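**Student:** Provided herewith: protein_38.cif, mmCIF, N, CA and C atoms.
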```
data_target
#
loop_
_atom_site.label_atom_id
_atom_site.label_comp_id
_atom_site.auth_asym_id
_atom_site.auth_seq_id
_atom_site.Cartn_x
_atom_site.Cartn_y
_atom_site.Cartn_z
N MET A 1 16.90 -10.26 1.75
CA MET A 1 16.13 -9.30 2.50
C MET A 1 15.25 -8.51 1.54
N ILE A 2 14.04 -8.25 1.97
CA ILE A 2 13.10 -7.44 1.20
C ILE A 2 12.90 -6.13 1.96
N VAL A 3 13.11 -5.02 1.27
CA VAL A 3 12.89 -3.70 1.87
C VAL A 3 11.71 -3.06 1.15
N VAL A 4 10.72 -2.66 1.92
CA VAL A 4 9.52 -2.02 1.38
C VAL A 4 9.58 -0.54 1.74
N VAL A 5 9.39 0.32 0.74
CA VAL A 5 9.49 1.76 0.94
C VAL A 5 8.11 2.40 0.81
N GLY A 6 7.76 3.23 1.76
CA GLY A 6 6.49 3.95 1.70
C GLY A 6 5.99 4.30 3.08
N ARG A 7 4.78 4.84 3.15
CA ARG A 7 4.18 5.24 4.43
C ARG A 7 3.21 4.19 4.89
N PRO A 8 3.57 3.40 5.91
CA PRO A 8 2.62 2.44 6.44
C PRO A 8 1.50 3.17 7.18
N ALA A 9 0.39 2.48 7.35
CA ALA A 9 -0.77 3.09 8.02
C ALA A 9 -1.37 2.11 9.01
N LEU A 10 -2.19 2.65 9.89
CA LEU A 10 -2.99 1.83 10.81
C LEU A 10 -4.43 1.89 10.37
N GLY A 11 -5.12 0.75 10.45
CA GLY A 11 -6.52 0.71 10.08
C GLY A 11 -7.32 -0.05 11.10
N ALA A 12 -8.60 0.12 11.05
CA ALA A 12 -9.49 -0.53 12.00
C ALA A 12 -9.53 -2.03 11.76
N ALA A 13 -9.55 -2.76 12.84
CA ALA A 13 -9.70 -4.21 12.77
C ALA A 13 -11.18 -4.55 12.82
N ALA A 14 -11.51 -5.75 12.44
CA ALA A 14 -12.90 -6.20 12.48
C ALA A 14 -13.39 -6.32 13.92
N ALA A 15 -14.66 -6.13 14.11
CA ALA A 15 -15.34 -6.32 15.39
C ALA A 15 -14.76 -5.46 16.51
N GLY A 16 -14.31 -4.26 16.17
CA GLY A 16 -13.86 -3.34 17.20
C GLY A 16 -12.55 -3.70 17.87
N GLY A 17 -11.76 -4.59 17.26
CA GLY A 17 -10.47 -4.96 17.82
C GLY A 17 -9.47 -3.83 17.67
N PRO A 18 -8.25 -4.05 18.11
CA PRO A 18 -7.23 -3.00 18.00
C PRO A 18 -6.89 -2.72 16.54
N GLU A 19 -6.42 -1.50 16.29
CA GLU A 19 -6.02 -1.17 14.93
C GLU A 19 -4.84 -2.03 14.53
N ARG A 20 -4.70 -2.24 13.23
CA ARG A 20 -3.62 -3.09 12.73
C ARG A 20 -2.97 -2.42 11.54
N PRO A 21 -1.74 -2.81 11.21
CA PRO A 21 -1.07 -2.23 10.04
C PRO A 21 -1.85 -2.53 8.77
N THR A 22 -2.06 -1.51 7.94
CA THR A 22 -2.78 -1.68 6.68
C THR A 22 -2.05 -0.94 5.57
N GLY A 23 -2.57 -1.07 4.39
CA GLY A 23 -1.99 -0.41 3.22
C GLY A 23 -0.95 -1.28 2.55
N PRO A 24 -0.56 -0.92 1.34
CA PRO A 24 0.38 -1.73 0.56
C PRO A 24 1.70 -1.98 1.27
N VAL A 25 2.26 -0.97 1.91
CA VAL A 25 3.56 -1.13 2.57
C VAL A 25 3.47 -2.21 3.65
N ALA A 26 2.48 -2.11 4.51
CA ALA A 26 2.33 -3.07 5.60
C ALA A 26 2.01 -4.46 5.07
N ARG A 27 1.13 -4.55 4.07
CA ARG A 27 0.75 -5.87 3.53
C ARG A 27 1.94 -6.58 2.91
N ILE A 28 2.72 -5.87 2.13
CA ILE A 28 3.88 -6.50 1.47
C ILE A 28 4.92 -6.91 2.50
N ALA A 29 5.23 -6.04 3.44
CA ALA A 29 6.23 -6.35 4.46
C ALA A 29 5.79 -7.53 5.32
N ARG A 30 4.51 -7.56 5.73
CA ARG A 30 4.01 -8.68 6.54
C ARG A 30 4.03 -9.98 5.75
N ALA A 31 3.66 -9.92 4.46
CA ALA A 31 3.67 -11.12 3.63
C ALA A 31 5.09 -11.67 3.48
N ALA A 32 6.06 -10.78 3.29
CA ALA A 32 7.45 -11.22 3.17
C ALA A 32 7.91 -11.90 4.46
N ALA A 33 7.57 -11.30 5.60
CA ALA A 33 7.96 -11.88 6.89
C ALA A 33 7.27 -13.23 7.10
N ALA A 34 6.00 -13.32 6.74
CA ALA A 34 5.25 -14.57 6.91
C ALA A 34 5.81 -15.69 6.02
N ALA A 35 6.38 -15.29 4.87
CA ALA A 35 6.97 -16.27 3.96
C ALA A 35 8.39 -16.67 4.37
N GLY A 36 8.90 -16.05 5.43
CA GLY A 36 10.21 -16.42 5.93
C GLY A 36 11.33 -15.50 5.50
N ALA A 37 11.03 -14.47 4.72
CA ALA A 37 12.06 -13.54 4.28
C ALA A 37 12.30 -12.49 5.37
N ALA A 38 13.49 -11.96 5.39
CA ALA A 38 13.77 -10.85 6.29
C ALA A 38 13.12 -9.62 5.67
N GLY A 39 12.15 -9.06 6.35
CA GLY A 39 11.44 -7.90 5.81
C GLY A 39 11.74 -6.66 6.62
N GLU A 40 12.03 -5.59 5.94
CA GLU A 40 12.30 -4.30 6.58
C GLU A 40 11.46 -3.26 5.87
N ARG A 41 11.15 -2.18 6.57
CA ARG A 41 10.44 -1.10 5.92
C ARG A 41 11.23 0.19 6.08
N ARG A 42 11.11 1.03 5.10
CA ARG A 42 11.69 2.37 5.13
C ARG A 42 10.55 3.32 4.80
N GLY A 43 10.47 4.38 5.52
CA GLY A 43 9.40 5.33 5.24
C GLY A 43 9.26 6.33 6.35
N ALA A 44 8.15 7.06 6.30
CA ALA A 44 7.91 8.11 7.27
C ALA A 44 6.58 7.89 7.97
N VAL A 45 6.55 8.25 9.22
CA VAL A 45 5.34 8.23 10.03
C VAL A 45 5.28 9.54 10.80
N GLY A 46 4.15 9.79 11.43
CA GLY A 46 4.04 10.99 12.25
C GLY A 46 4.82 10.83 13.54
N ASP A 47 4.78 11.86 14.31
CA ASP A 47 5.42 11.85 15.63
C ASP A 47 4.31 11.76 16.67
N ASP A 48 3.59 10.63 16.66
CA ASP A 48 2.41 10.47 17.50
C ASP A 48 2.31 9.05 18.05
N ASP A 49 1.31 8.81 18.88
CA ASP A 49 1.12 7.49 19.47
C ASP A 49 0.80 6.43 18.43
N ARG A 50 0.14 6.82 17.35
CA ARG A 50 -0.19 5.86 16.28
C ARG A 50 1.09 5.31 15.64
N ALA A 51 2.11 6.16 15.51
CA ALA A 51 3.38 5.71 14.95
C ALA A 51 4.01 4.66 15.85
N ASP A 52 3.94 4.88 17.16
CA ASP A 52 4.47 3.89 18.11
C ASP A 52 3.71 2.57 17.98
N ALA A 53 2.39 2.64 17.93
CA ALA A 53 1.56 1.43 17.82
C ALA A 53 1.85 0.70 16.51
N LEU A 54 2.06 1.44 15.44
CA LEU A 54 2.35 0.85 14.14
C LEU A 54 3.70 0.12 14.17
N ALA A 55 4.72 0.76 14.73
CA ALA A 55 6.04 0.14 14.80
C ALA A 55 6.00 -1.14 15.63
N VAL A 56 5.28 -1.11 16.74
CA VAL A 56 5.17 -2.30 17.59
C VAL A 56 4.42 -3.41 16.87
N ALA A 57 3.31 -3.09 16.22
CA ALA A 57 2.51 -4.10 15.53
C ALA A 57 3.29 -4.75 14.39
N LEU A 58 4.02 -3.95 13.62
CA LEU A 58 4.82 -4.53 12.54
C LEU A 58 5.97 -5.35 13.10
N GLY A 59 6.57 -4.89 14.19
CA GLY A 59 7.64 -5.66 14.82
C GLY A 59 7.14 -7.03 15.29
N ARG A 60 5.95 -7.06 15.86
CA ARG A 60 5.37 -8.34 16.29
C ARG A 60 5.09 -9.26 15.11
N ALA A 61 4.88 -8.68 13.92
CA ALA A 61 4.65 -9.48 12.72
C ALA A 61 5.96 -9.88 12.06
N GLY A 62 7.09 -9.52 12.67
CA GLY A 62 8.40 -9.91 12.14
C GLY A 62 8.99 -8.92 11.16
N VAL A 63 8.44 -7.71 11.10
CA VAL A 63 8.92 -6.70 10.16
C VAL A 63 9.77 -5.69 10.92
N GLY A 64 10.99 -5.50 10.48
CA GLY A 64 11.88 -4.53 11.10
C GLY A 64 11.73 -3.17 10.46
N HIS A 65 12.50 -2.21 10.92
CA HIS A 65 12.47 -0.88 10.31
C HIS A 65 13.90 -0.41 10.07
N ALA A 66 14.32 -0.54 8.81
CA ALA A 66 15.67 -0.16 8.43
C ALA A 66 15.86 1.35 8.58
N ALA A 67 14.84 2.10 8.26
CA ALA A 67 14.89 3.56 8.40
C ALA A 67 13.46 4.05 8.54
N LEU A 68 13.14 4.56 9.70
CA LEU A 68 11.80 5.05 9.96
C LEU A 68 11.90 6.51 10.38
N LEU A 69 11.51 7.40 9.50
CA LEU A 69 11.60 8.83 9.76
C LEU A 69 10.35 9.28 10.53
N ARG A 70 10.56 9.94 11.66
CA ARG A 70 9.44 10.49 12.45
C ARG A 70 9.30 11.97 12.06
N LEU A 71 8.19 12.32 11.45
CA LEU A 71 7.95 13.68 11.00
C LEU A 71 7.27 14.49 12.11
N ALA A 72 7.97 15.48 12.63
CA ALA A 72 7.43 16.30 13.71
C ALA A 72 6.16 17.00 13.27
N GLY A 73 5.12 16.89 14.06
CA GLY A 73 3.85 17.52 13.78
C GLY A 73 2.97 16.79 12.79
N ALA A 74 3.47 15.73 12.19
CA ALA A 74 2.67 14.97 11.22
C ALA A 74 1.84 13.91 11.93
N VAL A 75 0.76 13.51 11.28
CA VAL A 75 -0.13 12.48 11.80
C VAL A 75 0.11 11.19 11.03
N THR A 76 0.24 10.09 11.74
CA THR A 76 0.42 8.79 11.09
C THR A 76 -0.90 8.38 10.45
N PRO A 77 -0.87 7.98 9.18
CA PRO A 77 -2.12 7.58 8.50
C PRO A 77 -2.75 6.37 9.16
#
```
Can you turn what I pasted into structure tokens?

**Tutor:**
Amino acid sequence: MIVVVGRPALGAAAAGGPERPTGPVARIARAAAAAGAAGERRGAVGDDDRADALAVALGRAGVGHAALLRLAGAVTP
């Protein structure tokens, strides 16, 4: 199992598509999952709709969340 620690972010997709997970945390976790490894992330996100979208998008990419801290009042990058 590969555990990636840090703050994942959402970024704009090409051609006006939906936002997608970006940044080093998301890239490493998605690459591990794509290579067949069990990938989990630990980190913090805001307590907002972007955090929900990020968790769902990473889950669809095969990345779990071993520990995902929701920071009250914070904005997900």

**Student:** Determine, counting all atoms listed in the file, which protein, DNA and RNA residues have an atom within 6.5 Å of an atom of A:Ala61; residues of the same chain fewer than 4 positions away are not included. Present the result as a list in words.

**Tutor:**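 The neighbour list is Arg30, Ala33, Ala34, Val56 and Ala57 of chain A.
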
**Student:** For a test of reading the model, state the distance in Å between atom N of A:Asp49 and atom N of A:Ala32, rounded to one decimal.

**Tutor:**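 That distance, rounded to one decimal, is 25.5 Å.
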
**Student:** I need the residue set behind the PyMOL selection byres ((chain A and resi 45) around 6.5) for this file; please write it as a list in words.

**Tutor:** Arg7, Gly43, Ala44, Gly46, Asp47, Asp48, Ala51, Leu68, Leu69, Arg70, Leu71, Ala74, Val75, Thr76 and Pro77 of chain A

**Student:** Selection in question (the file shown): the PyMOL selection byres (((chain A and resi 25 and name CA) around 8) and name CA). Which residues does it include, as a list in words?

**Tutor:**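 For this structure, the PyMOL selection byres (((chain A and resi 25 and name CA) around 8) and name CA) captures Val4, Val5, Gly6, Arg7, Pro8, Thr22, Gly23, Pro24, Ala26, Arg27, Ile28, Ala29 and Arg41 of chain A.
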
**Student:** List every residue of chain A that DSSP, applied to the backbone of this structure, assigns to alpha helix (DSSP H), and report them as JSON, numbers by chain.

**Tutor:** {"A": [23, 24, 25, 26, 27, 28, 29, 30, 31, 32, 33, 34, 49, 50, 51, 52, 53, 54, 55, 56, 57, 58, 59, 60]}

**Student:** Provide the atom CA of A:Gly17 to atom CA of A:Gly64 distance in Å, to one decimal place.

**Tutor:**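 Interatomic distance, atom CA of A:Gly17 to atom CA of A:Gly64: 23.3 Å.
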
**Student:** In Å to one decimal, how far is atom C of A:Gly39 from atom CA of A:Ala72?

**Tutor:** 24.4 Å

**Student:** Please identify all polymer residues within 7 Å of A:Ala38, counting only C-alpha atoms, omitting same-chain residues fewer than 2 positions from it, and present them as JSON, numbers by chain.

**Tutor:** {"A": [1, 2, 33, 36, 40]}

**Student:** Taking the DSSP secondary structure from the backbone, can you list the residues of chain A that are strand (DSSP E), as an MDAnalysis selection string?

**Tutor:** chainID A and resid 2:5 9:11 20:22 39:46 63:71

**Student:** Given the selection you just returned, output its residues as a file containing N, CA and C atoms, formatted as a PDB file, keeping the file's coordinate frame.

**Tutor:**
```pdb
ATOM      1  N   ILE A   2      14.040  -8.250   1.970  1.00  0.00           N
ATOM      2  CA  ILE A   2      13.100  -7.440   1.200  1.00  0.00           C
ATOM      3  C   ILE A   2      12.900  -6.130   1.960  1.00  0.00           C
ATOM      4  N   VAL A   3      13.110  -5.020   1.270  1.00  0.00           N
ATOM      5  CA  VAL A   3      12.890  -3.700   1.870  1.00  0.00           C
ATOM      6  C   VAL A   3      11.710  -3.060   1.150  1.00  0.00           C
ATOM      7  N   VAL A   4      10.720  -2.660   1.920  1.00  0.00           N
ATOM      8  CA  VAL A   4       9.520  -2.020   1.380  1.00  0.00           C
ATOM      9  C   VAL A   4       9.580  -0.540   1.740  1.00  0.00           C
ATOM     10  N   VAL A   5       9.390   0.320   0.740  1.00  0.00           N
ATOM     11  CA  VAL A   5       9.490   1.760   0.940  1.00  0.00           C
ATOM     12  C   VAL A   5       8.110   2.400   0.810  1.00  0.00           C
ATOM     13  N   ALA A   9       0.390   2.480   7.350  1.00  0.00           N
ATOM     14  CA  ALA A   9      -0.770   3.090   8.020  1.00  0.00           C
ATOM     15  C   ALA A   9      -1.370   2.110   9.010  1.00  0.00           C
ATOM     16  N   LEU A  10      -2.190   2.650   9.890  1.00  0.00           N
ATOM     17  CA  LEU A  10      -2.990   1.830  10.810  1.00  0.00           C
ATOM     18  C   LEU A  10      -4.430   1.890  10.370  1.00  0.00           C
ATOM     19  N   GLY A  11      -5.120   0.750  10.450  1.00  0.00           N
ATOM     20  CA  GLY A  11      -6.520   0.710  10.080  1.00  0.00           C
ATOM     21  C   GLY A  11      -7.320  -0.050  11.100  1.00  0.00           C
ATOM     22  N   ARG A  20      -4.700  -2.240  13.230  1.00  0.00           N
ATOM     23  CA  ARG A  20      -3.620  -3.090  12.730  1.00  0.00           C
ATOM     24  C   ARG A  20      -2.970  -2.420  11.540  1.00  0.00           C
ATOM     25  N   PRO A  21      -1.740  -2.810  11.210  1.00  0.00           N
ATOM     26  CA  PRO A  21      -1.070  -2.230  10.040  1.00  0.00           C
ATOM     27  C   PRO A  21      -1.850  -2.530   8.770  1.00  0.00           C
ATOM     28  N   THR A  22      -2.060  -1.510   7.940  1.00  0.00           N
ATOM     29  CA  THR A  22      -2.780  -1.680   6.680  1.00  0.00           C
ATOM     30  C   THR A  22      -2.050  -0.940   5.570  1.00  0.00           C
ATOM     31  N   GLY A  39      12.150  -9.060   6.350  1.00  0.00           N
ATOM     32  CA  GLY A  39      11.440  -7.900   5.810  1.00  0.00           C
ATOM     33  C   GLY A  39      11.740  -6.660   6.620  1.00  0.00           C
ATOM     34  N   GLU A  40      12.030  -5.590   5.940  1.00  0.00           N
ATOM     35  CA  GLU A  40      12.300  -4.300   6.580  1.00  0.00           C
ATOM     36  C   GLU A  40      11.460  -3.260   5.870  1.00  0.00           C
ATOM     37  N   ARG A  41      11.150  -2.180   6.570  1.00  0.00           N
ATOM     38  CA  ARG A  41      10.440  -1.100   5.920  1.00  0.00           C
ATOM     39  C   ARG A  41      11.230   0.190   6.080  1.00  0.00           C
ATOM     40  N   ARG A  42      11.110   1.030   5.100  1.00  0.00           N
ATOM     41  CA  ARG A  42      11.690   2.370   5.130  1.00  0.00           C
ATOM     42  C   ARG A  42      10.550   3.320   4.800  1.00  0.00           C
ATOM     43  N   GLY A  43      10.470   4.380   5.520  1.00  0.00           N
ATOM     44  CA  GLY A  43       9.400   5.330   5.240  1.00  0.00           C
ATOM     45  C   GLY A  43       9.260   6.330   6.350  1.00  0.00           C
ATOM     46  N   ALA A  44       8.150   7.060   6.300  1.00  0.00           N
ATOM     47  CA  ALA A  44       7.910   8.110   7.270  1.00  0.00           C
ATOM     48  C   ALA A  44       6.580   7.890   7.970  1.00  0.00           C
ATOM     49  N   VAL A  45       6.550   8.250   9.220  1.00  0.00           N
ATOM     50  CA  VAL A  45       5.340   8.230  10.030  1.00  0.00           C
ATOM     51  C   VAL A  45       5.280   9.540  10.800  1.00  0.00           C
ATOM     52  N   GLY A  46       4.150   9.790  11.430  1.00  0.00           N
ATOM     53  CA  GLY A  46       4.040  10.990  12.250  1.00  0.00           C
ATOM     54  C   GLY A  46       4.820  10.830  13.540  1.00  0.00           C
ATOM     55  N   VAL A  63       8.440  -7.710  11.100  1.00  0.00           N
ATOM     56  CA  VAL A  63       8.920  -6.700  10.160  1.00  0.00           C
ATOM     57  C   VAL A  63       9.770  -5.690  10.920  1.00  0.00           C
ATOM     58  N   GLY A  64      10.990  -5.500  10.480  1.00  0.00           N
ATOM     59  CA  GLY A  64      11.880  -4.530  11.100  1.00  0.00           C
ATOM     60  C   GLY A  64      11.730  -3.170  10.460  1.00  0.00           C
ATOM     61  N   HIS A  65      12.500  -2.210  10.920  1.00  0.00           N
ATOM     62  CA  HIS A  65      12.470  -0.880  10.310  1.00  0.00           C
ATOM     63  C   HIS A  65      13.900  -0.410  10.070  1.00  0.00           C
ATOM     64  N   ALA A  66      14.320  -0.540   8.810  1.00  0.00           N
ATOM     65  CA  ALA A  66      15.670  -0.160   8.430  1.00  0.00           C
ATOM     66  C   ALA A  66      15.860   1.350   8.580  1.00  0.00           C
ATOM     67  N   ALA A  67      14.840   2.100   8.260  1.00  0.00           N
ATOM     68  CA  ALA A  67      14.890   3.560   8.400  1.00  0.00           C
ATOM     69  C   ALA A  67      13.460   4.050   8.540  1.00  0.00           C
ATOM     70  N   LEU A  68      13.140   4.560   9.700  1.00  0.00           N
ATOM     71  CA  LEU A  68      11.800   5.050   9.960  1.00  0.00           C
ATOM     72  C   LEU A  68      11.900   6.510  10.380  1.00  0.00           C
ATOM     73  N   LEU A  69      11.510   7.400   9.500  1.00  0.00           N
ATOM     74  CA  LEU A  69      11.600   8.830   9.760  1.00  0.00           C
ATOM     75  C   LEU A  69      10.350   9.280  10.530  1.00  0.00           C
ATOM     76  N   ARG A  70      10.560   9.940  11.660  1.00  0.00           N
ATOM     77  CA  ARG A  70       9.440  10.490  12.450  1.00  0.00           C
ATOM     78  C   ARG A  70       9.300  11.970  12.060  1.00  0.00           C
ATOM     79  N   LEU A  71       8.190  12.320  11.450  1.00  0.00           N
ATOM     80  CA  LEU A  71       7.950  13.680  11.000  1.00  0.00           C
ATOM     81  C   LEU A  71       7.270  14.490  12.110  1.00  0.00           C
TER      82      LEU A  71
END
```

**Student:** Let me have the centre and edge lengths in Å, one decimal, of the box along x, y and z around every listed atom of stretch 3-9 of chain A with 8 Å of margin on each side, as AutoDock Vina command-line options.

**Tutor:**
```
--center_x 5.9 --center_y 0.1 --center_z 4.9 --size_x 30.5 --size_y 26.3 --size_z 24.3
```

**Student:** Do you know which residues are at most 8 Å from A:Gly11 counting only C-alpha atoms, after dropping those on the same chain fewer than 4 positions away, and could you put them as a ChimeraX atom specification?

**Tutor:** /A:19-22

**Student:** Only N, CA and C atoms, please: the residues just picked out, written as an mmCIF file, keeping the file's coordinate frame.

**Tutor:**
```
data_model
loop_
_atom_site.group_PDB
_atom_site.id
_atom_site.type_symbol
_atom_site.label_atom_id
_atom_site.label_comp_id
_atom_site.auth_asym_id
_atom_site.auth_seq_id
_atom_site.Cartn_x
_atom_site.Cartn_y
_atom_site.Cartn_z
ATOM 1 N N GLU A 19 -6.420 -1.500 16.290
ATOM 2 C CA GLU A 19 -6.020 -1.170 14.930
ATOM 3 C C GLU A 19 -4.840 -2.030 14.530
ATOM 4 N N ARG A 20 -4.700 -2.240 13.230
ATOM 5 C CA ARG A 20 -3.620 -3.090 12.730
ATOM 6 C C ARG A 20 -2.970 -2.420 11.540
ATOM 7 N N PRO A 21 -1.740 -2.810 11.210
ATOM 8 C CA PRO A 21 -1.070 -2.230 10.040
ATOM 9 C C PRO A 21 -1.850 -2.530 8.770
ATOM 10 N N THR A 22 -2.060 -1.510 7.940
ATOM 11 C CA THR A 22 -2.780 -1.680 6.680
ATOM 12 C C THR A 22 -2.050 -0.940 5.570
#
```
